[in-house]
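Chemist: I'd like to ask you about the structure that follows.
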Amino acid sequence: MKGKYYIVQIIPEDSKEIKKYHVNTKWFTLLKIFLVVVVVAAGFIIYNAARIGHTLVNYEKIRTANAQLVKQNANYEELFSRIDSLWVLEERIQNILGTFIENDSNKINSLIDKNRFAHTPSEKINVDYEGINGWKPMEEKIRLEHIPNVIPVVGIVSKKFSEENDHLGTDFAAQPGDPVFASGSGVVEFAGSKDELGNTIVINHQNGYVTSYSHLKDIRTRKGRTVGKGEIIGTVGNTGNSSAPHVHYTITQNGKEMDPELFINY
């Protein structure tokens with residue numbers, strides 16, 4: 001029996017009676033085990049509670065970040081939709097014109113550095129294109145149709161009109177094969193090869209104005225034919241004395257060379 005029991009004495013403060021209890025040592029061993037289990041369980045619960053709290057905090061941050069990403073994604077989708085619309089619009093314009101605007105940035109920058117595109121004419125030819133309230137009699141509309149004020153090719157100005165440099169026209173750089181348009185209605189006076197100017201078309205607009213379109217690849221009209229304003233008469237080329245695809249465009253009024261950019265409605 002010795003060593004197998006503990007004696008527990010309880011001595012009340014106001015009594016001389018001492019109470020004794022015999023406790024088996026096994027109960028103390030079980031109590032120790034229980035306390036260890038309680039401590040371990042409490043530690044596990046505290047650890048998991050802290051981890052859950054940390055997860056909840058992170059979840060709130062992730063939820064906020066996710067909401068922001070959803071909003072940004074919606075903005076990106078809207079921007080992409082606008083870009084797609086612009087691409088569709090560009091394709092439609094290209095299909096309508098049958099041409100492509102120069103998109104080689106190196107060529108464009110080279111031309112800008114060379115010529116600066118200083119399109120700052122002090123004044124344009126004084127022609128009333130709209131009229132009062134947009135109404136004009138048929139005779140006036142016909143007269144306006146013969147004024148060469150339409151740009152002859154969709155491209156960029158690569159060389160400007162200059163009497164000092166004896167360049168009596170405007171050069172428009174564009175892609176080979178792009179269409180060339182009649183800048184006004186008139187009768188074709190010449191359609192063929194012209195020495196250094198290469199393939200050339202000359203149109204008499206029957207109002208004192210004569211226009212010419214040189215260095216063409218193809219000629220799509222013939223001498224004596226009547227053409228309308230904006231009609232395709234040829235394609236951009238590099239024929240004659242030319243270093244790159246372009247159209248050399250000239251306007252004369254009663255035999256005097258004029259700056260084409262004073263007439264063109266950009």
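In the structure tokens, chains take the letters A, B, ... in the order shown, each chain's residues start at 1, and ligands count up from 1 in the order shown.
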Could you make a table, as a tab-separated table, of the residues of segment 193-226 of chain A that have an atom within 8 Å of an atom of segment 251-257 of chain A, each with its nearest atom pair and distance in Å to one decimal, counting only C-alpha atoms, in chain and number order?

Modeler:
residue	atom	partner	partner_atom	distance
A:Gly208	CA	A:Asn254	CA	4.8
A:Tyr209	CA	A:Gln253	CA	4.6
A:Val210	CA	A:Thr252	CA	5.3
A:Thr211	CA	A:Ile251	CA	4.5
A:Ser212	CA	A:Ile251	CA	6.8

Chemist: Taking only C-alpha atoms into account, name the residue in A:His248, A:Lys194, A:Lys141, A:Lys223 that is nearest to Leu168 of chain A.

Modeler: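 Of A:His248, A:Lys194, A:Lys141, A:Lys223, the one nearest Leu168 of chain A is A:His248, counting only C-alpha atoms.
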
Chemist: What's the 8 Å shell around Phe172 of chain A, counting only C-alpha atoms, without same-chain residues fewer than 6 positions away, as a list in words?

Modeler: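 So the residues in contact are Val153, Gly155, Ile156, Val157, Ser158, Lys159, His246, Val247, His248 and Tyr249 of chain A.
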
Chemist: Mind the document's chain letters and residue numbers, and return as a PyMOL selection string the residues of segment 130-202 of chain A that DSSP labels strand (DSSP E or B).

Modeler: chain A and resi 156-159+162+167+170-173+179-181+186-193+199-202

Chemist: The selected residues should be written to file as a PDB file, in the first residue's frame (atoms: C-alpha atoms).

Modeler:
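Result file follows (part-v4.pdb):
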ATOM      1  CA  ILE A 156       1.104  62.629 -96.968  1.00  0.00           C
ATOM      2  CA  VAL A 157       2.747  65.699 -98.463  1.00  0.00           C
ATOM      3  CA  SER A 158       6.357  64.753 -99.134  1.00  0.00           C
ATOM      4  CA  LYS A 159       7.382  67.877-101.061  1.00  0.00           C
ATOM      5  CA  SER A 162       8.108  76.117-104.350  1.00  0.00           C
ATOM      6  CA  HIS A 167       9.090  72.649-107.878  1.00  0.00           C
ATOM      7  CA  THR A 170       2.943  69.190-104.652  1.00  0.00           C
ATOM      8  CA  ASP A 171       4.197  65.644-104.104  1.00  0.00           C
ATOM      9  CA  PHE A 172       1.984  63.193-102.211  1.00  0.00           C
ATOM     10  CA  ALA A 173       3.724  60.073-100.875  1.00  0.00           C
ATOM     11  CA  PRO A 179      -5.873  55.007-106.225  1.00  0.00           C
ATOM     12  CA  VAL A 180      -5.425  58.494-107.680  1.00  0.00           C
ATOM     13  CA  PHE A 181      -8.547  60.655-107.888  1.00  0.00           C
ATOM     14  CA  GLY A 186     -13.159  67.842-116.602  1.00  0.00           C
ATOM     15  CA  VAL A 187     -11.892  66.341-119.865  1.00  0.00           C
ATOM     16  CA  VAL A 188      -8.699  64.289-120.113  1.00  0.00           C
ATOM     17  CA  GLU A 189      -6.248  66.162-122.375  1.00  0.00           C
ATOM     18  CA  PHE A 190      -3.364  63.728-122.013  1.00  0.00           C
ATOM     19  CA  ALA A 191      -2.929  60.181-120.718  1.00  0.00           C
ATOM     20  CA  GLY A 192       0.423  58.525-121.307  1.00  0.00           C
ATOM     21  CA  SER A 193       4.155  58.627-120.632  1.00  0.00           C
ATOM     22  CA  ASN A 199       2.965  58.044-116.631  1.00  0.00           C
ATOM     23  CA  THR A 200       0.955  61.257-116.516  1.00  0.00           C
ATOM     24  CA  ILE A 201      -2.670  62.357-116.786  1.00  0.00           C
ATOM     25  CA  VAL A 202      -3.643  65.947-117.621  1.00  0.00           C
TER      26      VAL A 202
END

Chemist: Could you pull the residues within 7 Å of Ile264 of chain A, counting only C-alpha atoms, minus those fewer than 5 positions along the same chain, as a CSV table (one decimal) with all heavy atoms, in the first residue's frame?

Modeler:
chain,number,residue,atom,x,y,z
A,149,ASN,N,-10.5,70.9,-106.1
A,149,ASN,CA,-10.3,71.1,-104.7
A,149,ASN,C,-10.3,69.8,-103.9
A,149,ASN,O,-10.3,69.8,-102.7
A,149,ASN,CB,-11.3,72.1,-104.1
A,149,ASN,CG,-12.7,71.6,-104.2
A,149,ASN,OD1,-13.1,70.9,-105.1
A,149,ASN,ND2,-13.5,71.9,-103.2
A,150,VAL,N,-10.3,68.7,-104.6
A,150,VAL,CA,-10.3,67.4,-103.9
A,150,VAL,C,-8.8,66.9,-103.9
A,150,VAL,O,-8.1,67.0,-104.9
A,150,VAL,CB,-11.2,66.3,-104.6
A,150,VAL,CG1,-11.0,64.9,-104.1
A,150,VAL,CG2,-12.6,66.7,-104.5
A,151,ILE,N,-8.4,66.3,-102.7
A,151,ILE,CA,-7.0,65.8,-102.6
A,151,ILE,C,-6.9,64.6,-103.6
A,151,ILE,O,-7.8,63.7,-103.7
A,151,ILE,CB,-6.7,65.4,-101.2
A,151,ILE,CG1,-5.3,65.1,-101.0
A,151,ILE,CG2,-7.6,64.2,-100.8
A,151,ILE,CD1,-4.8,64.9,-99.6

Chemist: Which residue gives the smallest distance to Pro148 of chain A among A:Glu60, A:Glu261, A:Glu163, A:Glu13, with only C-alpha atoms counted?

Modeler: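 Of A:Glu60, A:Glu261, A:Glu163, A:Glu13, the one nearest Pro148 of chain A, counting only C-alpha atoms, is A:Glu261.
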
Chemist: Between atom CA of Ala182 of chain A and atom CA of Gly234 of chain A, what is the spacing in Å?

Modeler: 9.0 Å

Chemist: My list of candidates is A:Val154, A:Ile33, A:Leu144, A:Ile10. Which is closest to Gly184 of chain A when distances are computed with only C-alpha atoms?

Modeler: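 Of the candidates, the smallest distance to Gly184 of chain A is held by A:Leu144.
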
Chemist: So the first atom is atom CA of Asp218 of chain A and the second is atom CA of Gly177 of chain A; what is the distance between them in Å, to one decimal place?

Modeler: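 These atoms are spaced 7.9 Å apart.
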
Chemist: Taking only C-alpha atoms into account, which of A:Arg222, A:His146, A:Arg51, A:Lys19 comes nearest Asn207 of chain A?

Modeler: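 Ranking A:Arg222, A:His146, A:Arg51, A:Lys19 by distance to Asn207 of chain A, first place goes to A:His146.
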